[in-house]
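Structure file start.cif; described as mmCIF, C-alpha atoms.
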```cif
data_work
#
loop_
_atom_site.group_PDB
_atom_site.id
_atom_site.type_symbol
_atom_site.label_atom_id
_atom_site.label_comp_id
_atom_site.auth_asym_id
_atom_site.auth_seq_id
_atom_site.Cartn_x
_atom_site.Cartn_y
_atom_site.Cartn_z
ATOM 1 C CA MET A 1 24.221 -8.927 -34.284
ATOM 2 C CA ALA A 2 27.863 -9.033 -33.281
ATOM 3 C CA SER A 3 29.547 -5.774 -34.173
ATOM 4 C CA ASN A 4 32.238 -7.538 -36.179
ATOM 5 C CA VAL A 5 29.808 -9.406 -38.425
ATOM 6 C CA ASN A 6 29.344 -7.742 -41.792
ATOM 7 C CA PRO A 7 26.566 -9.550 -43.715
ATOM 8 C CA THR A 8 27.729 -8.238 -47.099
ATOM 9 C CA VAL A 9 31.243 -9.553 -46.589
ATOM 10 C CA ARG A 10 29.951 -12.846 -45.175
ATOM 11 C CA ARG A 11 27.860 -13.338 -48.344
ATOM 12 C CA ARG A 12 30.899 -12.658 -50.540
ATOM 13 C CA ARG A 13 33.096 -15.106 -48.646
ATOM 14 C CA LEU A 14 30.404 -17.753 -48.613
ATOM 15 C CA GLY A 15 29.707 -17.268 -52.314
ATOM 16 C CA GLN A 16 33.404 -17.603 -53.137
ATOM 17 C CA GLU A 17 33.623 -20.833 -51.148
ATOM 18 C CA LEU A 18 30.540 -22.274 -52.843
ATOM 19 C CA ARG A 19 32.014 -21.404 -56.246
ATOM 20 C CA ARG A 20 35.254 -23.127 -55.245
ATOM 21 C CA LEU A 21 33.373 -26.282 -54.217
ATOM 22 C CA ARG A 22 31.441 -26.298 -57.497
ATOM 23 C CA GLU A 23 34.608 -25.942 -59.537
ATOM 24 C CA LEU A 24 36.325 -28.698 -57.538
ATOM 25 C CA LYS A 25 33.378 -30.912 -58.427
ATOM 26 C CA GLY A 26 33.824 -29.974 -62.080
ATOM 27 C CA MET A 27 30.241 -28.774 -62.464
ATOM 28 C CA THR A 28 28.870 -25.747 -64.296
ATOM 29 C CA ALA A 29 26.332 -23.376 -62.763
ATOM 30 C CA GLU A 30 23.820 -24.696 -65.297
ATOM 31 C CA GLU A 31 24.318 -28.262 -64.114
ATOM 32 C CA VAL A 32 23.892 -27.296 -60.467
ATOM 33 C CA ALA A 33 20.751 -25.318 -61.249
ATOM 34 C CA GLU A 34 19.311 -28.282 -63.120
ATOM 35 C CA ARG A 35 20.022 -30.631 -60.198
ATOM 36 C CA LEU A 36 18.326 -28.285 -57.715
ATOM 37 C CA LEU A 37 15.480 -27.275 -60.035
ATOM 38 C CA VAL A 38 16.335 -23.582 -59.729
ATOM 39 C CA SER A 39 17.432 -20.939 -62.211
ATOM 40 C CA GLN A 40 21.056 -20.540 -63.244
ATOM 41 C CA SER A 41 20.792 -16.863 -62.275
ATOM 42 C CA LYS A 42 20.079 -17.883 -58.672
ATOM 43 C CA ILE A 43 23.281 -19.925 -58.525
ATOM 44 C CA SER A 44 25.220 -17.001 -60.009
ATOM 45 C CA ARG A 45 23.747 -14.531 -57.514
ATOM 46 C CA LEU A 46 24.563 -16.854 -54.621
ATOM 47 C CA GLU A 47 28.158 -17.181 -55.787
ATOM 48 C CA ASN A 48 28.743 -13.470 -56.355
ATOM 49 C CA GLY A 49 27.296 -12.517 -52.960
ATOM 50 C CA ARG A 50 24.466 -10.387 -54.335
ATOM 51 C CA ARG A 51 21.738 -12.545 -52.800
ATOM 52 C CA SER A 52 21.096 -13.684 -49.241
ATOM 53 C CA ILE A 53 22.002 -17.346 -48.774
ATOM 54 C CA SER A 54 19.800 -19.505 -46.579
ATOM 55 C CA GLN A 55 21.034 -22.480 -44.608
ATOM 56 C CA ARG A 56 18.805 -24.615 -46.799
ATOM 57 C CA ASP A 57 20.646 -23.316 -49.885
ATOM 58 C CA VAL A 58 23.953 -24.271 -48.259
ATOM 59 C CA ARG A 59 22.687 -27.708 -47.290
ATOM 60 C CA ASP A 60 21.386 -28.416 -50.784
ATOM 61 C CA LEU A 61 24.570 -27.214 -52.476
ATOM 62 C CA CYS A 62 26.800 -29.219 -50.123
ATOM 63 C CA GLY A 63 24.704 -32.231 -51.009
ATOM 64 C CA VAL A 64 25.189 -31.676 -54.744
ATOM 65 C CA TYR A 65 28.935 -31.153 -54.231
ATOM 66 C CA GLU A 66 29.132 -34.251 -51.999
ATOM 67 C CA VAL A 67 30.882 -32.424 -49.174
ATOM 68 C CA GLU A 68 31.633 -35.137 -46.619
ATOM 69 C CA ASP A 69 33.530 -33.116 -44.015
ATOM 70 C CA GLN A 70 30.871 -31.989 -41.533
ATOM 71 C CA ARG A 71 33.173 -29.257 -40.212
ATOM 72 C CA ILE A 72 33.095 -27.584 -43.634
ATOM 73 C CA VAL A 73 29.323 -27.880 -43.801
ATOM 74 C CA ASP A 74 28.940 -26.424 -40.283
ATOM 75 C CA SER A 75 31.278 -23.529 -41.118
ATOM 76 C CA LEU A 76 29.328 -22.699 -44.274
ATOM 77 C CA MET A 77 26.035 -22.932 -42.382
ATOM 78 C CA GLU A 78 27.343 -20.470 -39.790
ATOM 79 C CA MET A 79 28.411 -18.065 -42.545
ATOM 80 C CA ALA A 80 24.937 -18.365 -44.048
ATOM 81 C CA ARG A 81 23.437 -17.472 -40.671
ATOM 82 C CA ASP A 82 25.673 -14.422 -40.351
ATOM 83 C CA SER A 83 24.980 -13.339 -43.929
ATOM 84 C CA ARG A 84 21.293 -12.956 -43.128
ATOM 85 C CA GLN A 85 21.929 -10.563 -40.234
ATOM 86 C CA GLN A 86 21.487 -6.835 -40.729
ATOM 87 C CA GLY A 87 24.235 -4.234 -40.956
ATOM 88 C CA TRP A 88 23.944 -0.766 -39.391
ATOM 89 C CA TRP A 89 22.684 0.667 -42.674
ATOM 90 C CA HIS A 90 19.531 -1.470 -42.576
ATOM 91 C CA THR A 91 18.176 0.682 -39.743
ATOM 92 C CA PHE A 92 17.717 3.436 -42.349
ATOM 93 C CA GLY A 93 15.386 1.287 -44.445
ATOM 94 C CA ASP A 94 15.812 0.694 -48.173
ATOM 95 C CA ILE A 95 19.183 2.087 -49.310
ATOM 96 C CA PRO A 96 19.821 1.771 -53.089
ATOM 97 C CA TYR A 97 23.559 1.193 -52.685
ATOM 98 C CA SER A 98 23.469 -0.995 -49.557
ATOM 99 C CA VAL A 99 25.796 -3.591 -51.109
ATOM 100 C CA TYR A 100 28.448 -0.924 -51.610
ATOM 101 C CA ILE A 101 28.027 0.374 -48.051
ATOM 102 C CA GLY A 102 28.576 -3.138 -46.729
ATOM 103 C CA LEU A 103 31.802 -3.447 -48.710
ATOM 104 C CA GLU A 104 33.004 0.026 -47.743
ATOM 105 C CA THR A 105 32.321 -0.685 -44.082
ATOM 106 C CA ASP A 106 34.698 -3.650 -44.122
ATOM 107 C CA ALA A 107 37.305 -2.313 -46.563
ATOM 108 C CA GLU A 108 40.873 -1.629 -45.471
ATOM 109 C CA SER A 109 41.537 0.891 -48.242
ATOM 110 C CA LEU A 110 39.594 2.786 -50.863
ATOM 111 C CA ARG A 111 40.831 4.511 -54.008
ATOM 112 C CA VAL A 112 38.317 6.850 -55.638
ATOM 113 C CA TYR A 113 38.263 8.889 -58.821
ATOM 114 C CA GLU A 114 35.571 11.591 -58.884
ATOM 115 C CA PRO A 115 35.142 13.648 -62.085
ATOM 116 C CA GLN A 116 32.258 15.893 -60.985
ATOM 117 C CA LEU A 117 31.770 15.950 -57.209
ATOM 118 C CA VAL A 118 33.564 15.859 -53.892
ATOM 119 C CA THR A 119 33.525 12.206 -52.855
ATOM 120 C CA GLY A 120 30.848 11.257 -50.306
ATOM 121 C CA LEU A 121 33.237 10.343 -47.484
ATOM 122 C CA LEU A 122 34.656 13.886 -47.504
ATOM 123 C CA GLN A 123 31.434 15.871 -47.927
ATOM 124 C CA THR A 124 30.091 18.362 -45.395
ATOM 125 C CA ARG A 125 26.458 18.026 -44.367
ATOM 126 C CA ALA A 126 25.471 21.223 -46.192
ATOM 127 C CA TYR A 127 27.188 20.098 -49.391
ATOM 128 C CA ALA A 128 25.589 16.633 -49.162
ATOM 129 C CA GLU A 129 22.111 18.111 -48.666
ATOM 130 C CA ALA A 130 22.470 20.470 -51.630
ATOM 131 C CA LEU A 131 23.895 17.681 -53.749
ATOM 132 C CA VAL A 132 21.040 15.244 -53.095
ATOM 133 C CA GLN A 133 18.461 17.967 -53.640
ATOM 134 C CA GLY A 134 20.003 18.901 -56.980
ATOM 135 C CA ALA A 135 20.687 15.376 -58.225
ATOM 136 C CA LEU A 136 17.284 13.992 -57.154
ATOM 137 C CA PRO A 137 14.835 16.914 -57.513
ATOM 138 C CA GLU A 138 11.731 14.794 -56.944
ATOM 139 C CA THR A 139 13.007 13.306 -53.691
ATOM 140 C CA SER A 140 11.077 14.063 -50.489
ATOM 141 C CA THR A 141 12.613 16.014 -47.637
ATOM 142 C CA ALA A 142 12.534 12.902 -45.452
ATOM 143 C CA GLU A 143 14.357 10.831 -48.061
ATOM 144 C CA ILE A 144 16.989 13.540 -48.523
ATOM 145 C CA GLU A 145 17.595 13.605 -44.777
ATOM 146 C CA LYS A 146 17.886 9.817 -44.668
ATOM 147 C CA ARG A 147 20.473 9.789 -47.438
ATOM 148 C CA VAL A 148 22.468 12.534 -45.755
ATOM 149 C CA GLN A 149 22.373 10.727 -42.406
ATOM 150 C CA VAL A 150 23.678 7.554 -44.051
ATOM 151 C CA ARG A 151 26.485 9.551 -45.690
ATOM 152 C CA MET A 152 27.471 11.114 -42.369
ATOM 153 C CA ARG A 153 27.453 7.679 -40.713
ATOM 154 C CA ARG A 154 29.688 6.268 -43.463
ATOM 155 C CA GLN A 155 32.236 8.987 -42.719
ATOM 156 C CA GLU A 156 32.876 7.462 -39.295
ATOM 157 C CA ARG A 157 35.234 5.025 -41.045
ATOM 158 C CA ILE A 158 37.572 7.945 -41.737
ATOM 159 C CA THR A 159 37.818 9.029 -38.099
ATOM 160 C CA ALA A 160 37.600 5.576 -36.482
ATOM 161 C CA GLU A 161 40.238 4.905 -33.865
ATOM 162 C CA GLY A 162 42.684 2.078 -34.414
ATOM 163 C CA THR A 163 42.056 1.079 -38.003
ATOM 164 C CA PRO A 164 40.547 3.968 -39.973
ATOM 165 C CA LEU A 165 39.874 3.515 -43.664
ATOM 166 C CA ARG A 166 42.860 4.422 -45.838
ATOM 167 C CA LEU A 167 41.438 6.762 -48.455
ATOM 168 C CA TRP A 168 43.042 8.058 -51.657
ATOM 169 C CA VAL A 169 40.956 10.451 -53.743
ATOM 170 C CA VAL A 170 41.659 11.933 -57.162
ATOM 171 C CA LEU A 171 39.295 14.837 -57.834
ATOM 172 C CA ASP A 172 38.855 16.391 -61.234
ATOM 173 C CA GLU A 173 39.154 20.175 -61.189
ATOM 174 C CA ALA A 174 35.468 20.295 -62.146
ATOM 175 C CA ALA A 175 34.532 18.947 -58.708
ATOM 176 C CA LEU A 176 36.044 22.049 -57.115
ATOM 177 C CA LYS A 177 34.491 24.559 -59.494
ATOM 178 C CA ARG A 178 30.965 23.169 -59.761
ATOM 179 C CA VAL A 179 29.019 25.287 -57.277
ATOM 180 C CA VAL A 180 26.822 22.953 -55.244
ATOM 181 C CA GLY A 181 24.431 24.801 -52.933
ATOM 182 C CA SER A 182 26.100 28.207 -52.788
ATOM 183 C CA LYS A 183 29.515 29.842 -52.679
ATOM 184 C CA LEU A 184 29.435 29.685 -48.889
ATOM 185 C CA VAL A 185 28.652 25.961 -48.983
ATOM 186 C CA MET A 186 31.488 25.452 -51.448
ATOM 187 C CA ARG A 187 33.997 27.429 -49.391
ATOM 188 C CA GLU A 188 33.158 25.432 -46.262
ATOM 189 C CA GLN A 189 33.334 22.218 -48.269
ATOM 190 C CA LEU A 190 36.757 22.956 -49.718
ATOM 191 C CA GLU A 191 38.113 24.064 -46.335
ATOM 192 C CA HIS A 192 36.855 20.771 -44.911
ATOM 193 C CA LEU A 193 38.539 18.935 -47.782
ATOM 194 C CA ILE A 194 41.856 20.587 -46.918
ATOM 195 C CA GLU A 195 41.450 19.701 -43.243
ATOM 196 C CA MET A 196 40.669 16.043 -43.997
ATOM 197 C CA SER A 197 43.551 15.795 -46.467
ATOM 198 C CA GLN A 198 45.951 16.441 -43.595
ATOM 199 C CA LEU A 199 45.016 13.177 -41.886
ATOM 200 C CA PRO A 200 47.856 10.657 -42.323
ATOM 201 C CA HIS A 201 45.557 8.050 -43.886
ATOM 202 C CA VAL A 202 43.775 10.428 -46.314
ATOM 203 C CA THR A 203 45.326 11.574 -49.590
ATOM 204 C CA VAL A 204 43.671 14.059 -51.952
ATOM 205 C CA GLN A 205 44.978 14.993 -55.393
ATOM 206 C CA VAL A 206 43.522 17.328 -57.990
ATOM 207 C CA LEU A 207 43.490 16.436 -61.675
ATOM 208 C CA PRO A 208 43.658 19.804 -63.512
ATOM 209 C CA PHE A 209 41.864 20.603 -66.771
ATOM 210 C CA GLU A 210 45.187 21.271 -68.474
ATOM 211 C CA VAL A 211 45.970 17.546 -68.431
ATOM 212 C CA GLY A 212 43.496 17.106 -71.276
ATOM 213 C CA ALA A 213 42.413 13.569 -72.171
ATOM 214 C CA HIS A 214 43.106 11.017 -69.427
ATOM 215 C CA PRO A 215 42.135 7.434 -68.405
ATOM 216 C CA GLY A 216 39.275 8.617 -66.187
ATOM 217 C CA LEU A 217 37.133 10.155 -68.894
ATOM 218 C CA ASN A 218 34.691 7.241 -68.761
ATOM 219 C CA GLY A 219 33.560 8.353 -65.316
ATOM 220 C CA GLN A 220 33.682 7.796 -61.578
ATOM 221 C CA TYR A 221 34.926 4.563 -60.036
ATOM 222 C CA ALA A 222 36.237 3.203 -56.762
ATOM 223 C CA ILE A 223 38.586 0.336 -55.895
ATOM 224 C CA LEU A 224 38.001 -1.365 -52.538
ATOM 225 C CA GLU A 225 40.634 -3.570 -50.925
ATOM 226 C CA PHE A 226 40.296 -5.755 -47.833
ATOM 227 C CA THR A 227 42.535 -7.004 -45.048
ATOM 228 C CA ASP A 228 41.528 -10.651 -45.346
ATOM 229 C CA ALA A 229 43.269 -12.361 -48.250
ATOM 230 C CA ALA A 230 40.083 -14.349 -48.844
ATOM 231 C CA ASP A 231 38.289 -11.176 -49.896
ATOM 232 C CA SER A 232 39.153 -10.162 -53.444
ATOM 233 C CA SER A 233 39.403 -6.477 -54.379
ATOM 234 C CA VAL A 234 36.313 -4.915 -55.951
ATOM 235 C CA VAL A 235 35.855 -2.151 -58.514
ATOM 236 C CA TYR A 236 32.617 -0.229 -57.957
ATOM 237 C CA LEU A 237 30.910 1.664 -60.788
ATOM 238 C CA GLU A 238 27.907 3.727 -59.720
ATOM 239 C CA GLY A 239 24.878 3.885 -62.010
ATOM 240 C CA VAL A 240 21.588 5.779 -62.002
ATOM 241 C CA THR A 241 19.307 2.761 -61.557
ATOM 242 C CA SER A 242 21.848 -0.001 -60.867
ATOM 243 C CA ASP A 243 25.481 -0.379 -59.919
ATOM 244 C CA LEU A 244 28.247 -2.595 -61.271
ATOM 245 C CA TYR A 245 30.768 -4.562 -59.223
ATOM 246 C CA LEU A 246 33.842 -6.017 -60.913
ATOM 247 C CA GLU A 247 35.783 -8.708 -59.065
ATOM 248 C CA LYS A 248 37.729 -10.565 -61.760
ATOM 249 C CA ALA A 249 41.461 -10.080 -61.225
ATOM 250 C CA GLN A 250 42.050 -8.809 -64.762
ATOM 251 C CA ASP A 251 39.286 -6.190 -64.425
ATOM 252 C CA VAL A 252 40.549 -4.952 -61.069
ATOM 253 C CA GLN A 253 44.092 -4.782 -62.427
ATOM 254 C CA LYS A 254 42.993 -2.724 -65.420
ATOM 255 C CA TYR A 255 41.284 -0.140 -63.211
ATOM 256 C CA ALA A 256 44.242 -0.136 -60.795
ATOM 257 C CA VAL A 257 46.614 0.700 -63.663
ATOM 258 C CA MET A 258 44.245 3.462 -64.801
ATOM 259 C CA TYR A 259 44.311 4.853 -61.281
ATOM 260 C CA GLU A 260 48.099 4.949 -61.227
ATOM 261 C CA HIS A 261 48.012 7.020 -64.420
ATOM 262 C CA LEU A 262 45.477 9.399 -62.845
ATOM 263 C CA ARG A 263 47.630 9.843 -59.751
ATOM 264 C CA ALA A 264 50.710 10.482 -61.876
ATOM 265 C CA GLN A 265 48.918 13.113 -63.979
ATOM 266 C CA SER A 266 47.453 14.917 -60.968
ATOM 267 C CA LEU A 267 49.019 17.687 -58.906
ATOM 268 C CA ASN A 268 51.022 16.310 -56.001
ATOM 269 C CA VAL A 269 49.585 16.447 -52.482
ATOM 270 C CA GLU A 270 50.976 19.854 -51.520
ATOM 271 C CA GLN A 271 50.143 21.408 -54.887
ATOM 272 C CA SER A 272 46.629 19.988 -54.649
ATOM 273 C CA ARG A 273 46.110 21.390 -51.156
ATOM 274 C CA GLN A 274 47.279 24.815 -52.295
ATOM 275 C CA TYR A 275 45.056 24.695 -55.378
ATOM 276 C CA ILE A 276 42.003 23.744 -53.296
ATOM 277 C CA SER A 277 42.804 26.611 -50.937
ATOM 278 C CA ASP A 278 43.007 29.084 -53.825
ATOM 279 C CA VAL A 279 39.634 27.937 -55.199
ATOM 280 C CA ALA A 280 38.106 28.161 -51.697
ATOM 281 C CA LYS A 281 39.262 31.770 -51.397
ATOM 282 C CA SER A 282 37.594 32.583 -54.726
ATOM 283 C CA TYR A 283 34.240 31.691 -53.156
ATOM 284 C CA ALA A 284 34.651 34.457 -50.557
ATOM 285 C CA ASP A 285 33.643 37.116 -53.101
#
```
What would you get if you wrote out this structure as structure tokens?
Amino acid sequence: MASNVNPTVRRRRLGQELRRLRELKGMTAEEVAERLLVSQSKISRLENGRRSISQRDVRDLCGVYEVEDQRIVDSLMEMARDSRQQGWWHTFGDIPYSVYIGLETDAESLRVYEPQLVTGLLQTRAYAEALVQGALPETSTAEIEKRVQVRMRRQERITAEGTPLRLWVVLDEAALKRVVGSKLVMREQLEHLIEMSQLPHVTVQVLPFEVGAHPGLNGQYAILEFTDAADSSVVYLEGVTSDLYLEKAQDVQKYAVMYEHLRAQSLNVEQSRQYISDVAKSYAD
């Protein structure tokens, strides 16, 4: 697979184009499903990029939409081919949040609010191991190691030369004071957090308890943005057994406004760095 081909992103772009063609034809997903003798849910999954799209699917849909320009058909067929390739994360086997990893891998910027934990892209190996062990107590040692390896590989986006991921993180004070692993693990983790926060493309702010009620009380979320204008921003909500991806403009805007409130209520960058340092020192006892 070419290194610049991201199957997750290819599926999203292809799905968006297929939705556009359907809407230009004035057809509903139900009507298309009826014509192709498939379920409506299949058409929806193809359009939202959550399902692999075969070249046969593309051919059949182009037929229904009466696409006459062969260049368009060929372009969509090529995207379908690319969308069935495997990203780097597939070498680790079945990863529950592989769709998110694909999006994160191609994102230009990422805004994260974390109410309980240090965000994955800024975790140390020791913290990540203790976290997985605690959160998934019935998980095998091999599975824990696989998850940690994937997390460490994801972090390469932060240190990549040329175009590293622009990361903005708002951490609730609880994330700093919840002891994961041990005090030593926590001290090393917070020192690492301070070090990473000094990178020009990484911003870390702390949301203190004294703020009281705030827009992030409903839980963790992330907003991913992409360089290509054809790729709409995505809000990612992590669940225990399934995740939620929001792509409608009004949904993304609502979470973006919430994030601006969280940033405004948080300590500024220097205050946050000093606060993290103070908490790190408390773990030396």
I'd like the residues picked by the PyMOL selection byres ((chain A and resi 129-132) around 8) written out as a JSON list (two decimals) with C-alpha atoms, in the frame of the given file, using the chain letters and numbers from the file.
```json
[["chain", "number", "residue", "atom", "x", "y", "z"],
["A", 125, "ARG", "CA", 26.46, 18.03, -44.37],
["A", 126, "ALA", "CA", 25.47, 21.22, -46.19],
["A", 127, "TYR", "CA", 27.19, 20.10, -49.39],
["A", 128, "ALA", "CA", 25.59, 16.63, -49.16],
["A", 133, "GLN", "CA", 18.46, 17.97, -53.64],
["A", 134, "GLY", "CA", 20.00, 18.90, -56.98],
["A", 135, "ALA", "CA", 20.69, 15.38, -58.22],
["A", 136, "LEU", "CA", 17.28, 13.99, -57.15],
["A", 137, "PRO", "CA", 14.84, 16.91, -57.51],
["A", 144, "ILE", "CA", 16.99, 13.54, -48.52],
["A", 145, "GLU", "CA", 17.60, 13.60, -44.78],
["A", 147, "ARG", "CA", 20.47, 9.79, -47.44],
["A", 148, "VAL", "CA", 22.47, 12.53, -45.76],
["A", 180, "VAL", "CA", 26.82, 22.95, -55.24],
["A", 181, "GLY", "CA", 24.43, 24.80, -52.93]]
```
Query - the PyMOL selection byres ((chain A and resi 282) around 12) resolved against shown file, as a VMD selection string - result: chain A and resid 176 to 177 179 183 to 184 186 to 188 190 to 191 275 to 281 283 to 285
I would like the residues chosen by the PyMOL selection byres ((chain A and resi 110-121) around 8) on the shown file; could you give them as an mmCIF file with C-alpha atoms, in the frame of the given file?
```
data_model
loop_
_atom_site.group_PDB
_atom_site.id
_atom_site.type_symbol
_atom_site.label_atom_id
_atom_site.label_comp_id
_atom_site.auth_asym_id
_atom_site.auth_seq_id
_atom_site.Cartn_x
_atom_site.Cartn_y
_atom_site.Cartn_z
ATOM 1 C CA GLU A 104 33.004 0.026 -47.743
ATOM 2 C CA ALA A 107 37.305 -2.313 -46.563
ATOM 3 C CA GLU A 108 40.873 -1.629 -45.471
ATOM 4 C CA SER A 109 41.537 0.891 -48.242
ATOM 5 C CA LEU A 122 34.656 13.886 -47.504
ATOM 6 C CA GLN A 123 31.434 15.871 -47.927
ATOM 7 C CA ALA A 128 25.589 16.633 -49.162
ATOM 8 C CA ARG A 151 26.485 9.551 -45.690
ATOM 9 C CA MET A 152 27.471 11.114 -42.369
ATOM 10 C CA ARG A 154 29.688 6.268 -43.463
ATOM 11 C CA GLN A 155 32.236 8.987 -42.719
ATOM 12 C CA ILE A 158 37.572 7.945 -41.737
ATOM 13 C CA LEU A 165 39.874 3.515 -43.664
ATOM 14 C CA ARG A 166 42.860 4.422 -45.838
ATOM 15 C CA LEU A 167 41.438 6.762 -48.455
ATOM 16 C CA TRP A 168 43.042 8.058 -51.657
ATOM 17 C CA VAL A 169 40.956 10.451 -53.743
ATOM 18 C CA VAL A 170 41.659 11.933 -57.162
ATOM 19 C CA LEU A 171 39.295 14.837 -57.834
ATOM 20 C CA ASP A 172 38.855 16.391 -61.234
ATOM 21 C CA GLU A 173 39.154 20.175 -61.189
ATOM 22 C CA ALA A 174 35.468 20.295 -62.146
ATOM 23 C CA ALA A 175 34.532 18.947 -58.708
ATOM 24 C CA LEU A 176 36.044 22.049 -57.115
ATOM 25 C CA ARG A 178 30.965 23.169 -59.761
ATOM 26 C CA GLY A 216 39.275 8.617 -66.187
ATOM 27 C CA LEU A 217 37.133 10.155 -68.894
ATOM 28 C CA GLY A 219 33.560 8.353 -65.316
ATOM 29 C CA GLN A 220 33.682 7.796 -61.578
ATOM 30 C CA TYR A 221 34.926 4.563 -60.036
ATOM 31 C CA ALA A 222 36.237 3.203 -56.762
ATOM 32 C CA ILE A 223 38.586 0.336 -55.895
ATOM 33 C CA LEU A 224 38.001 -1.365 -52.538
ATOM 34 C CA GLU A 225 40.634 -3.570 -50.925
ATOM 35 C CA TYR A 259 44.311 4.853 -61.281
#
```
Report task. Tell me which protein, DNA and RNA residues are within 12 Å of segment 21-35 of chain A, counting all atoms listed in the file, leaving out same-chain ones fewer than 3 positions away, and put them as a PyMOL selection string. Result -> chain A and resi 14-18+38-47+57-58+60-68+72-73+76
Mind dumping the selected residues with C-alpha atoms as a PDB file, in the frame of the given file?
```
ATOM      1  CA  LEU A  14      30.404 -17.753 -48.613  1.00  0.00           C
ATOM      2  CA  GLY A  15      29.707 -17.268 -52.314  1.00  0.00           C
ATOM      3  CA  GLN A  16      33.404 -17.603 -53.137  1.00  0.00           C
ATOM      4  CA  GLU A  17      33.623 -20.833 -51.148  1.00  0.00           C
ATOM      5  CA  LEU A  18      30.540 -22.274 -52.843  1.00  0.00           C
ATOM      6  CA  VAL A  38      16.335 -23.582 -59.729  1.00  0.00           C
ATOM      7  CA  SER A  39      17.432 -20.939 -62.211  1.00  0.00           C
ATOM      8  CA  GLN A  40      21.056 -20.540 -63.244  1.00  0.00           C
ATOM      9  CA  SER A  41      20.792 -16.863 -62.275  1.00  0.00           C
ATOM     10  CA  LYS A  42      20.079 -17.883 -58.672  1.00  0.00           C
ATOM     11  CA  ILE A  43      23.281 -19.925 -58.525  1.00  0.00           C
ATOM     12  CA  SER A  44      25.220 -17.001 -60.009  1.00  0.00           C
ATOM     13  CA  ARG A  45      23.747 -14.531 -57.514  1.00  0.00           C
ATOM     14  CA  LEU A  46      24.563 -16.854 -54.621  1.00  0.00           C
ATOM     15  CA  GLU A  47      28.158 -17.181 -55.787  1.00  0.00           C
ATOM     16  CA  ASP A  57      20.646 -23.316 -49.885  1.00  0.00           C
ATOM     17  CA  VAL A  58      23.953 -24.271 -48.259  1.00  0.00           C
ATOM     18  CA  ASP A  60      21.386 -28.416 -50.784  1.00  0.00           C
ATOM     19  CA  LEU A  61      24.570 -27.214 -52.476  1.00  0.00           C
ATOM     20  CA  CYS A  62      26.800 -29.219 -50.123  1.00  0.00           C
ATOM     21  CA  GLY A  63      24.704 -32.231 -51.009  1.00  0.00           C
ATOM     22  CA  VAL A  64      25.189 -31.676 -54.744  1.00  0.00           C
ATOM     23  CA  TYR A  65      28.935 -31.153 -54.231  1.00  0.00           C
ATOM     24  CA  GLU A  66      29.132 -34.251 -51.999  1.00  0.00           C
ATOM     25  CA  VAL A  67      30.882 -32.424 -49.174  1.00  0.00           C
ATOM     26  CA  GLU A  68      31.633 -35.137 -46.619  1.00  0.00           C
ATOM     27  CA  ILE A  72      33.095 -27.584 -43.634  1.00  0.00           C
ATOM     28  CA  VAL A  73      29.323 -27.880 -43.801  1.00  0.00           C
ATOM     29  CA  LEU A  76      29.328 -22.699 -44.274  1.00  0.00           C
TER      30      LEU A  76
END
```
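Distances to Gly49 of chain A were evaluated for A:Glu161, A:Glu156, A:Glu78, A:Asp231 using only C-alpha atoms, and the minimum falls at A:Asp231.
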Which centre and edge lengths in Å to one decimal define the box along x, y and z that fits every listed atom of segment 57-62 of chain A plus 4 Å per side, as JSON?
```
{"center_x": 23.7, "center_y": -26.3, "center_z": -49.9, "size_x": 14.2, "size_y": 13.9, "size_z": 13.2}
```
Query - A:Glu138, A:Val204, A:Pro96, A:Leu37 ranked by distance to Val150 of chain A, top pick (using all atoms listed in the file) - result: A:Pro96
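Picture a line from atom CA of Ile53 of chain A to atom CA of Asp69 of chain A; it runs 20.1 Å.
In terms of minimum interatomic distance to Ala160 of chain A, A:Leu199 ranks closest within A:Val185, A:Leu199, A:Val211, A:Leu262, counting only C-alpha atoms.
The nearest approach to Lys248 of chain A among the residues A:Asn48, A:Gln70, A:Arg153, A:Asp106, with all atoms listed in the file taken into account, belongs to A:Asn48.
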Query raised in the report: Using all atoms listed in the file, which of the listed residues (A:Ala249, A:Val269, A:Ile101, A:Met77) sits closest to Gln205 of chain A?
Result: A:Val269
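Among the candidates A:Ala80, A:Gln198, A:Leu36, A:Val235, the residue lying nearest to Lys254 of chain A is A:Val235 (atoms considered: only C-alpha atoms).
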